[in-house]
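Here's start07.cif, which has mmCIF, C-alpha atoms:
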```cif
data_my_file
loop_
_atom_site.label_atom_id
_atom_site.label_comp_id
_atom_site.auth_asym_id
_atom_site.auth_seq_id
_atom_site.Cartn_x
_atom_site.Cartn_y
_atom_site.Cartn_z
CA MET A 14 37.03 -81.19 204.46
CA GLU A 15 37.09 -85.00 204.49
CA PHE A 16 38.74 -85.01 201.05
CA ILE A 17 41.47 -82.59 202.18
CA CYS A 18 42.03 -84.60 205.36
CA ILE A 19 42.49 -87.89 203.50
CA THR A 20 44.60 -86.60 200.59
CA GLY A 21 46.72 -84.51 202.95
CA LEU A 22 47.41 -87.49 205.20
CA ILE A 23 48.35 -89.74 202.27
CA SER A 24 50.67 -87.04 200.90
CA ILE A 25 52.39 -86.48 204.24
CA ILE A 26 52.99 -90.22 204.75
CA ALA A 27 54.23 -90.64 201.18
CA GLY A 28 56.49 -87.59 201.50
CA TYR A 29 57.89 -88.92 204.76
CA ILE A 30 58.68 -92.31 203.19
CA LEU A 31 60.25 -90.73 200.10
CA ASP A 32 62.50 -88.52 202.22
CA LEU A 33 63.38 -91.46 204.47
CA ILE A 34 64.49 -93.56 201.49
CA ILE A 35 65.70 -91.08 198.88
CA GLY A 36 66.45 -87.78 200.58
CA ASP A 37 67.29 -84.85 198.31
CA PRO A 38 68.96 -86.05 195.08
CA TYR A 39 71.24 -83.34 193.71
CA SER A 40 70.02 -84.07 190.17
CA ILE A 41 66.42 -83.02 190.93
CA PRO A 42 65.56 -79.28 191.03
CA HIS A 43 64.59 -78.36 194.59
CA PRO A 44 61.89 -75.77 195.37
CA VAL A 45 63.73 -74.62 198.51
CA VAL A 46 66.64 -73.64 196.26
CA ALA A 47 64.16 -71.56 194.25
CA ILE A 48 62.94 -69.94 197.48
CA GLY A 49 66.55 -69.16 198.35
CA LYS A 50 67.09 -67.54 194.96
CA LEU A 51 63.98 -65.42 195.47
CA VAL A 52 65.25 -64.32 198.90
CA ALA A 53 68.65 -63.49 197.37
CA PHE A 54 66.95 -61.51 194.57
CA CYS A 55 64.83 -59.53 197.04
CA THR A 56 67.88 -58.87 199.21
CA ASP A 57 69.86 -57.62 196.23
CA LYS A 58 67.07 -55.28 195.12
CA LEU A 59 65.78 -54.08 198.49
CA LEU A 60 68.83 -53.91 200.78
CA CYS A 61 70.88 -50.76 200.31
CA LYS A 62 73.65 -49.51 202.58
CA ASP A 63 72.37 -45.94 202.36
CA ASN A 64 68.89 -46.82 203.64
CA THR A 65 67.82 -45.61 207.07
CA VAL A 66 66.95 -48.11 209.78
CA GLN A 67 63.24 -47.58 209.11
CA GLU A 68 63.72 -48.10 205.36
CA LYS A 69 65.68 -51.30 205.92
CA ARG A 70 62.99 -52.67 208.21
CA ARG A 71 60.26 -51.68 205.76
CA ASN A 72 62.08 -53.28 202.85
CA GLY A 73 62.70 -56.40 204.92
CA LEU A 74 58.97 -56.63 205.55
CA ILE A 75 58.33 -56.23 201.83
CA MET A 76 60.67 -59.16 201.19
CA VAL A 77 58.73 -61.28 203.69
CA ILE A 78 55.43 -60.46 201.96
CA ILE A 79 56.81 -61.23 198.47
CA VAL A 80 58.40 -64.53 199.49
CA GLU A 81 55.42 -65.74 201.52
CA CYS A 82 52.96 -64.86 198.76
CA ALA A 83 55.06 -66.83 196.27
CA CYS A 84 55.34 -69.78 198.68
CA ALA A 85 51.57 -69.88 199.12
CA VAL A 86 50.21 -68.99 195.69
CA ILE A 87 52.45 -71.17 193.49
CA PRO A 88 51.89 -74.55 195.23
CA LEU A 89 48.22 -73.70 195.86
CA CYS A 90 47.57 -73.01 192.16
CA ILE A 91 49.49 -76.09 191.04
CA LEU A 92 47.63 -78.38 193.44
CA TYR A 93 44.24 -76.83 192.70
CA LEU A 94 44.67 -77.41 188.96
CA VAL A 95 46.08 -80.92 189.25
CA TYR A 96 43.48 -82.10 191.79
CA ARG A 97 40.71 -80.81 189.52
CA LEU A 98 42.12 -82.82 186.63
CA ASP A 99 42.78 -86.04 188.56
CA VAL A 100 42.78 -86.81 192.29
CA ALA A 101 45.46 -89.53 192.01
CA ALA A 102 47.75 -87.13 190.13
CA GLY A 103 47.10 -84.49 192.77
CA ILE A 104 48.15 -86.87 195.54
CA VAL A 105 51.32 -87.74 193.63
CA ILE A 106 52.26 -84.09 193.11
CA GLU A 107 51.47 -83.14 196.70
CA SER A 108 53.43 -86.16 197.97
CA ILE A 109 56.46 -84.98 195.98
CA MET A 110 56.04 -81.50 197.46
CA CYS A 111 55.84 -82.89 201.00
CA TRP A 112 58.94 -84.97 200.27
CA GLN A 113 60.87 -81.88 199.19
CA ILE A 114 59.78 -79.92 202.26
CA LEU A 115 61.31 -82.48 204.66
CA ALA A 116 65.07 -82.56 205.26
CA ALA A 117 65.77 -85.51 207.57
CA LYS A 118 67.69 -87.68 205.10
CA SER A 119 69.77 -84.81 203.72
CA LEU A 120 70.63 -83.65 207.23
CA LYS A 121 71.76 -87.14 208.15
CA THR A 122 73.74 -87.52 204.92
CA GLU A 123 75.58 -84.22 205.30
CA SER A 124 76.28 -84.60 209.04
CA THR A 125 77.50 -88.17 208.51
CA LYS A 126 80.13 -86.80 206.11
CA VAL A 127 81.48 -84.82 209.07
CA GLU A 128 81.45 -87.90 211.30
CA ILE A 129 83.32 -90.02 208.73
CA ALA A 130 85.96 -87.32 208.14
CA LEU A 131 86.54 -87.01 211.90
CA GLU A 132 86.88 -90.77 212.30
CA GLU A 133 89.47 -90.70 209.49
CA ASN A 134 91.29 -87.86 211.32
CA ASP A 135 90.91 -85.66 208.23
CA ILE A 136 90.34 -82.32 209.98
CA GLU A 137 90.36 -80.23 206.79
CA LYS A 138 87.72 -82.43 205.20
CA ALA A 139 85.69 -82.34 208.40
CA ARG A 140 85.89 -78.53 208.52
CA PHE A 141 84.72 -78.31 204.91
CA SER A 142 81.87 -80.78 205.48
CA VAL A 143 80.62 -79.03 208.60
CA SER A 144 80.85 -75.64 206.85
CA MET A 145 78.13 -76.92 204.48
CA ILE A 146 75.60 -77.27 207.29
CA VAL A 147 76.43 -74.48 209.77
CA GLY A 148 76.46 -70.71 209.61
CA ARG A 149 79.52 -70.14 211.81
CA ASP A 150 83.17 -69.82 210.77
CA THR A 151 84.81 -73.25 210.72
CA THR A 152 88.35 -72.32 209.64
CA ASP A 153 89.95 -72.72 213.07
CA LEU A 154 87.69 -75.37 214.60
CA ASP A 155 89.40 -78.38 216.15
CA ALA A 156 87.89 -81.90 216.19
CA GLU A 157 85.84 -81.13 219.31
CA GLY A 158 84.52 -77.87 217.87
CA ILE A 159 83.61 -79.54 214.59
CA THR A 160 81.76 -82.33 216.37
CA LYS A 161 79.88 -79.86 218.56
CA ALA A 162 78.86 -77.82 215.52
CA ALA A 163 77.53 -80.91 213.73
CA VAL A 164 75.61 -82.21 216.77
CA GLU A 165 74.11 -78.77 217.43
CA THR A 166 73.01 -78.47 213.81
CA VAL A 167 71.32 -81.87 213.86
CA ALA A 168 69.64 -81.03 217.18
CA GLU A 169 68.38 -77.63 215.99
CA ASN A 170 67.29 -78.83 212.55
CA SER A 171 65.47 -81.79 214.05
CA SER A 172 62.92 -79.09 214.80
CA ASP A 173 63.45 -76.60 211.94
CA GLY A 174 63.91 -79.12 209.14
CA VAL A 175 61.75 -82.03 210.27
CA ILE A 176 59.19 -81.54 213.06
CA ALA A 177 58.17 -77.95 212.22
CA PRO A 178 57.48 -78.76 208.53
CA LEU A 179 55.41 -81.79 209.59
CA PHE A 180 53.56 -79.62 212.11
CA TYR A 181 52.56 -77.13 209.42
CA MET A 182 51.79 -79.79 206.82
CA PHE A 183 49.32 -81.25 209.32
CA PHE A 184 47.14 -78.13 208.92
CA GLY A 185 47.28 -77.54 205.17
CA GLY A 186 49.47 -80.12 203.48
CA ALA A 187 52.18 -78.93 201.12
CA VAL A 188 50.87 -75.35 200.94
CA THR A 189 51.32 -74.57 204.64
CA GLY A 190 54.52 -76.61 204.55
CA PHE A 191 55.95 -74.31 201.89
CA LEU A 192 54.78 -71.25 203.80
CA TYR A 193 56.91 -72.45 206.70
CA LYS A 194 59.89 -73.26 204.46
CA GLY A 195 59.73 -69.72 203.11
CA ILE A 196 59.91 -68.31 206.64
CA ASN A 197 62.73 -70.62 207.64
CA THR A 198 64.73 -69.95 204.47
CA MET A 199 64.46 -66.18 204.89
CA ASP A 200 65.65 -66.44 208.47
CA SER A 201 68.60 -68.64 207.53
CA MET A 202 69.67 -66.18 204.82
CA ALA A 203 68.78 -62.77 206.27
CA GLY A 204 68.01 -63.29 209.95
CA TYR A 205 71.52 -62.55 211.22
CA LYS A 206 72.13 -60.01 213.97
CA ASN A 207 75.10 -58.41 212.27
CA GLU A 208 75.47 -54.91 210.85
CA LYS A 209 74.24 -55.88 207.39
CA TYR A 210 71.09 -57.78 208.32
CA ILE A 211 70.01 -56.72 211.81
CA ASP A 212 67.41 -54.29 210.49
CA PHE A 213 66.63 -55.70 207.04
CA GLY A 214 66.23 -59.25 208.38
CA ARG A 215 64.32 -58.22 211.49
CA ALA A 216 60.86 -59.12 210.15
CA ALA A 217 62.08 -62.48 208.84
CA ALA A 218 63.80 -63.33 212.13
CA LYS A 219 60.80 -62.33 214.26
CA LEU A 220 58.42 -64.28 212.03
CA ASP A 221 60.68 -67.34 212.27
CA ASP A 222 60.70 -67.07 216.07
CA ILE A 223 56.90 -66.98 216.09
CA ALA A 224 56.51 -69.80 213.54
CA ASN A 225 58.88 -72.08 215.45
CA PHE A 226 57.63 -71.36 218.96
CA ILE A 227 55.18 -74.27 219.21
CA PRO A 228 57.07 -76.74 216.96
CA ALA A 229 60.31 -76.24 218.92
CA ARG A 230 58.61 -77.17 222.17
CA ILE A 231 56.85 -80.15 220.61
CA SER A 232 60.26 -81.20 219.25
CA ALA A 233 61.81 -81.00 222.72
CA PHE A 234 59.19 -83.33 224.20
CA LEU A 235 59.51 -85.70 221.24
CA MET A 236 63.30 -85.73 221.71
CA VAL A 237 63.02 -86.54 225.42
CA THR A 238 60.65 -89.39 224.51
CA SER A 239 63.05 -90.54 221.79
CA ALA A 240 65.94 -90.52 224.27
CA PHE A 241 63.94 -92.87 226.49
CA ILE A 242 63.05 -95.17 223.58
CA LEU A 243 66.64 -95.31 222.33
CA GLY A 244 68.10 -95.96 225.76
CA TYR A 245 69.90 -92.61 226.05
CA ASP A 246 69.83 -90.57 229.27
CA ALA A 247 66.21 -89.38 229.17
CA LYS A 248 66.27 -88.30 232.82
CA ASN A 249 69.26 -86.02 232.25
CA ALA A 250 67.73 -84.85 228.97
CA TRP A 251 64.71 -83.54 230.87
CA LYS A 252 66.90 -82.04 233.59
CA ILE A 253 69.07 -80.08 231.12
CA PHE A 254 66.00 -79.07 229.10
CA VAL A 255 64.38 -77.51 232.15
CA ARG A 256 67.64 -75.84 233.23
CA ASP A 257 69.25 -74.70 229.95
CA ARG A 258 66.56 -74.38 227.26
CA TYR A 259 66.66 -70.57 227.30
CA LYS A 260 70.45 -70.20 227.33
CA SER A 261 70.64 -70.04 223.52
CA THR A 262 70.42 -66.66 221.78
CA SER A 263 67.36 -68.05 219.97
CA PRO A 264 64.14 -68.62 221.96
CA ASN A 265 63.62 -71.86 220.02
CA SER A 266 66.88 -73.56 219.08
CA GLY A 267 67.86 -74.06 222.72
CA GLN A 268 64.81 -76.27 223.26
CA THR A 269 66.17 -79.24 221.30
CA GLU A 270 69.85 -78.41 221.81
CA SER A 271 69.42 -78.64 225.57
CA VAL A 272 67.59 -81.98 225.32
CA CYS A 273 70.25 -83.38 222.99
CA ALA A 274 73.08 -82.28 225.29
CA GLY A 275 71.37 -83.90 228.26
CA ALA A 276 70.47 -87.10 226.44
CA LEU A 277 74.07 -87.60 225.29
CA ASN A 278 75.66 -86.35 228.56
CA ILE A 279 77.74 -83.75 226.72
CA GLU A 280 78.21 -79.98 226.65
CA LEU A 281 77.14 -77.95 223.62
CA LEU A 282 77.24 -74.33 222.42
CA GLY A 283 79.78 -71.92 223.93
CA ASP A 284 81.56 -69.09 222.07
CA ALA A 285 81.65 -69.24 218.26
CA TYR A 286 82.75 -67.08 215.32
CA TYR A 287 80.20 -65.76 212.82
CA PHE A 288 81.39 -63.72 209.82
CA GLY A 289 84.76 -63.27 211.51
CA LYS A 290 83.25 -61.91 214.73
CA LEU A 291 83.34 -63.74 218.06
CA VAL A 292 79.86 -64.30 219.48
CA LYS A 293 79.74 -65.06 223.20
CA LYS A 294 77.36 -67.90 224.06
CA PRO A 295 76.75 -69.75 227.32
CA SER A 296 77.28 -73.49 227.33
CA ILE A 297 74.35 -75.91 227.41
CA GLY A 298 74.51 -79.23 229.26
CA ASP A 299 77.16 -80.78 231.49
CA ALA A 300 80.41 -82.28 230.21
CA ILE A 301 79.82 -85.61 231.94
CA ARG A 302 81.97 -87.09 229.19
CA ASP A 303 83.94 -85.76 226.22
CA ILE A 304 82.04 -85.32 222.98
CA GLU A 305 83.04 -87.75 220.20
CA PRO A 306 82.25 -88.17 216.48
CA TYR A 307 79.76 -90.98 217.15
CA ASP A 308 77.59 -88.44 218.96
CA ILE A 309 76.65 -87.13 215.51
CA HIS A 310 75.20 -90.56 214.77
CA LYS A 311 73.33 -90.54 218.09
CA ALA A 312 71.88 -87.10 217.35
CA ASN A 313 70.62 -88.41 214.01
CA ASN A 314 69.05 -91.39 215.78
CA LEU A 315 67.15 -88.97 218.00
CA MET A 316 66.01 -87.00 214.95
CA TYR A 317 64.69 -90.08 213.12
CA CYS A 318 62.87 -91.35 216.19
CA MET A 319 61.30 -87.91 216.70
CA GLU A 320 60.14 -87.82 213.09
CA PHE A 321 58.57 -91.29 213.34
CA LEU A 322 56.71 -90.32 216.51
CA MET A 323 55.47 -87.10 214.88
CA VAL A 324 54.19 -88.96 211.81
CA ILE A 325 52.36 -91.46 214.04
CA PHE A 326 50.88 -88.55 215.98
CA ILE A 327 49.68 -86.93 212.73
CA ILE A 328 48.15 -90.20 211.51
CA LEU A 329 46.25 -90.64 214.78
CA LEU A 330 45.01 -87.04 214.84
CA LYS A 331 43.94 -86.92 211.20
CA SER A 332 42.34 -90.36 211.38
CA GLY A 333 40.48 -89.36 214.52
CA PHE A 334 39.36 -86.11 212.86
CA TYR A 335 38.10 -88.01 209.80
CA PHE A 336 36.14 -90.65 211.72
CA PHE A 337 34.76 -88.10 214.16
CA PHE A 338 33.28 -85.92 211.42
CA VAL A 339 32.20 -88.82 209.21
#
```

Let me see the structure of the file written as C-alpha cells.
Amino acid sequence: MEFICITGLISIIAGYILDLIIGDPYSIPHPVVAIGKLVAFCTDKLLCKDNTVQEKRRNGLIMVIIVECACAVIPLCILYLVYRLDVAAGIVIESIMCWQILAAKSLKTESTKVEIALEENDIEKARFSVSMIVGRDTTDLDAEGITKAAVETVAENSSDGVIAPLFYMFFGGAVTGFLYKGINTMDSMAGYKNEKYIDFGRAAAKLDDIANFIPARISAFLMVTSAFILGYDAKNAWKIFVRDRYKSTSPNSGQTESVCAGALNIELLGDAYYFGKLVKKPSIGDAIRDIEPYDIHKANNLMYCMEFLMVIFIILLKSGFYFFFV
C-alpha cells in the first residue's frame, strides 16, 4: 500500500508537470485516440438502424463493458510487468500515462487559437478553430457565439479533462485515470441525445454522469477559490453557481460553467445548434458586461489555478495517508 501510494504520487506530479510544459505533441501516439478508435469500432459493429430500443441499449452496454475492460486491463498489465522488472522504469511509464490522461495544456493551446483568430478579426478561422473543441455546429456563429463556445468548453473541460482525471488518478494512478478517460471518451462520442445515439449511448451517458458527479462539484469549489486567488469576481461566482448550476442539460457541466460565468461577469449557454438541430438552452450568468475574446484567456487562468490547487490537495492527502500508516 505504501509503495503504491508513493509511486502513484510521484507519477501524478510528474504527469502534471509534463502536461504543463509539453501538452500533447501531435507526433506522439496518444492512448485516448486509441480509445476513440475502439469506441468507433464498437459503434460500427454494434449500432444498427434496424435494432429495437432494447437491442440498442443492450449493445450500448456491451460497448461500455468492452471499452472499460480494455482501459483497465491494458495499462494494468503494462504497469504490473514494468514495475516487476524495475521500479524506476515503472514510475517513468506511469508518469507518461498520467501525462497523457491530462488535457490542460492541449485545451489551452486549442482555445487560444480561437482567441487569437478573434483578435485578428478572422471569423472563418475562429469558427474552424472552435469547431475542433466543441460538439455544436459553428457554421453560423458570430464573434460573440464563438467566444461563448470557447469559454464554455474551457469551463466544462476544466472538470472533465483536468480535475476529474486527477480525482480518479488519486485512487489508483494511471489505471483508474484511464478507466475515467474511457467513460468520458464514450460519452463524448456516443452520449448524444439525438435519434442515432439516444438509446445506444444511454449507458455511456449515464455512466459519465455518475463518474463526473463528485469531480464536477469539487471543480466548482476549486474554481470559486481560483476566482478569489486570481482577483476575479469570486462573490458573483458563488452567487451564480448557487442560482444557475442546474440550468444546463447536463447535471455536471453546469457546475463549472455557472462559476465561470459568475467569475467573469458574463452570460453563457443559451440556444445552440447540434447536428443541424436547434437545442433550446437557458442562459447561465448575468450579462453584466459583453463577453470578449480575452475571456478565453481568463477561463484558462481559472483552469490552471484549479489544477494547481487539486495537485496540492492530492500531495497533502497522499502524504498524510503515507505518514499516518507508516

Return as a list of chain:residue names the set of residues that the PyMOL selection byres ((chain A and resi 139-145) around 9) yields on the displayed structure. A:Glu123, A:Ser124, A:Lys126, A:Val127, A:Glu128, A:Ile129, A:Ala130, A:Leu131, A:Asn134, A:Asp135, A:Ile136, A:Glu137, A:Lys138, A:Ile146, A:Val147, A:Gly148, A:Arg149, A:Asp150, A:Thr151, A:Thr152, A:Asp153, A:Leu154, A:Asp155, A:Ala156, A:Ile159, A:Thr160, A:Ala162, A:Ala163

Kindly indicate which residue among A:Pro228, A:Val66, A:Ser261, A:Cys55 lies nearest to Glu208 of chain A, using all atoms listed in the file for the distances.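 Once distances to Glu208 of chain A are computed over all atoms listed in the file, the minimum belongs to A:Val66.
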
Reference answer for the PyMOL selection byres ((chain A and resi 111) around 6), as a list of chain:residue names: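 Output of the PyMOL selection byres ((chain A and resi 111) around 6): A:Ile25, A:Gly28, A:Ser108, A:Ile109, A:Met110, A:Trp112, A:Gln113, A:Ile114, A:Ala187.
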
Between A:Ile106, A:Leu220, A:Leu282, A:Ala274, which residue has the minimum interatomic distance to Asp246 of chain A, considering only C-alpha atoms? A:Ala274

When you look at Ser266 of chain A with a cut-off of 12 Å (counting all atoms listed in the file), what residues show up, excluding the ones that are within fewer than 6 positions of it in the same chain? I need them as a PyMOL selection string. chain A and resi 165-174+177+221-222+225-230+232-233+254+257-260+272-273+282+297

Between A:Val52, A:Ile87, A:Ala116, A:Ala218, which one has atoms that come closest to Asp32 of chain A, using only C-alpha atoms?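 That would be A:Ala116, the residue with the smallest distance to Asp32 of chain A.
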
On this structure, which residues satisfy the PyMOL selection byres ((chain A and resi 26) around 12), written as a ChimeraX atom specification? /A:19-25,27-33,104-105,107-112,115,179,182-183,186-187,320-321,323-328,331

Which of these, A:Leu74, A:Lys206, A:Val95, A:Asp200, has the shortest distance to Gly49 of chain A once you count only C-alpha atoms?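 When distances to Gly49 of chain A are compared using only C-alpha atoms, the smallest one comes from A:Asp200.
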
Within 12 Å of Ile48 of chain A, counting all atoms listed in the file, which residues qualify if same-chain residues fewer than 4 places away don't, as a VMD selection string? chain A and resid 42 to 44 52 to 55 76 to 77 79 to 85 87 114 191 to 202

To one decimal place, how far is atom CA of Lys161 of chain A from atom CA of Val255 of chain A in Å? 20.7 Å

Near Val237 of chain A, counting only C-alpha atoms, which residues have an atom at most 7 Å away, once you skip same-chain residues fewer than 5 positions from it, shown as a list in words?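 The filter keeps Ala247, Ala250, Trp251 and Val272 of chain A.
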
So the first atom is atom CA of Leu60 of chain A and the second is atom CA of Ile211 of chain A; what is the distance between them in Å, to one decimal place? 11.4 Å

Out of A:Ile242, A:Leu329, A:Ile176, A:Val188, which residue has the shortest atom-to-atom distance to Thr269 of chain A when counting only C-alpha atoms?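 Closest residue, counting only C-alpha atoms: A:Ile176.
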
Find the distance between atom CA of Asn278 of chain A and atom CA of Arg302 of chain A and write it in Å to one decimal.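 We find that atom CA of Asn278 of chain A and atom CA of Arg302 of chain A lie 6.4 Å from each other.
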
Kindly indicate which residue among A:Ala117, A:Ala102, A:Val86, A:Ala217 lies nearest to Gly73 of chain A, using all atoms listed in the file for the distances.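 So, comparing all the options, the nearest one is A:Ala217.
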
For Lys209 of chain A, work out the shell of residues within 10 Å, counting all atoms listed in the file and skipping chain neighbours fewer than 6 positions away, then give it as a PyMOL selection string. chain A and resi 60-62+69+203

Quick one: segment 19-30 of chain A with N, CA and C atoms, as a short mmCIF file (atom, residue, chain, number, x, y, z; two decimals), keeping the file's coordinate frame?
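Output (result25.cif):
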```
data_model
loop_
_atom_site.label_atom_id
_atom_site.label_comp_id
_atom_site.auth_asym_id
_atom_site.auth_seq_id
_atom_site.Cartn_x
_atom_site.Cartn_y
_atom_site.Cartn_z
N ILE A 19 41.99 -86.61 203.98
CA ILE A 19 42.49 -87.89 203.50
C ILE A 19 43.67 -87.69 202.55
N THR A 20 43.52 -86.82 201.56
CA THR A 20 44.60 -86.60 200.59
C THR A 20 45.83 -86.01 201.26
N GLY A 21 45.59 -85.11 202.23
CA GLY A 21 46.72 -84.51 202.95
C GLY A 21 47.48 -85.54 203.75
N LEU A 22 46.77 -86.45 204.41
CA LEU A 22 47.41 -87.49 205.20
C LEU A 22 48.22 -88.43 204.31
N ILE A 23 47.64 -88.84 203.20
CA ILE A 23 48.35 -89.74 202.27
C ILE A 23 49.63 -89.07 201.77
N SER A 24 49.52 -87.79 201.43
CA SER A 24 50.67 -87.04 200.90
C SER A 24 51.78 -86.89 201.93
N ILE A 25 51.40 -86.63 203.17
CA ILE A 25 52.39 -86.48 204.24
C ILE A 25 53.12 -87.79 204.47
N ILE A 26 52.37 -88.90 204.54
CA ILE A 26 52.99 -90.22 204.75
C ILE A 26 53.90 -90.58 203.59
N ALA A 27 53.42 -90.34 202.37
CA ALA A 27 54.23 -90.64 201.18
C ALA A 27 55.48 -89.78 201.14
N GLY A 28 55.34 -88.49 201.48
CA GLY A 28 56.49 -87.59 201.50
C GLY A 28 57.51 -88.01 202.54
N TYR A 29 57.02 -88.44 203.69
CA TYR A 29 57.89 -88.92 204.76
C TYR A 29 58.69 -90.14 204.31
N ILE A 30 58.02 -91.09 203.67
CA ILE A 30 58.68 -92.31 203.19
C ILE A 30 59.70 -91.99 202.10
#
```
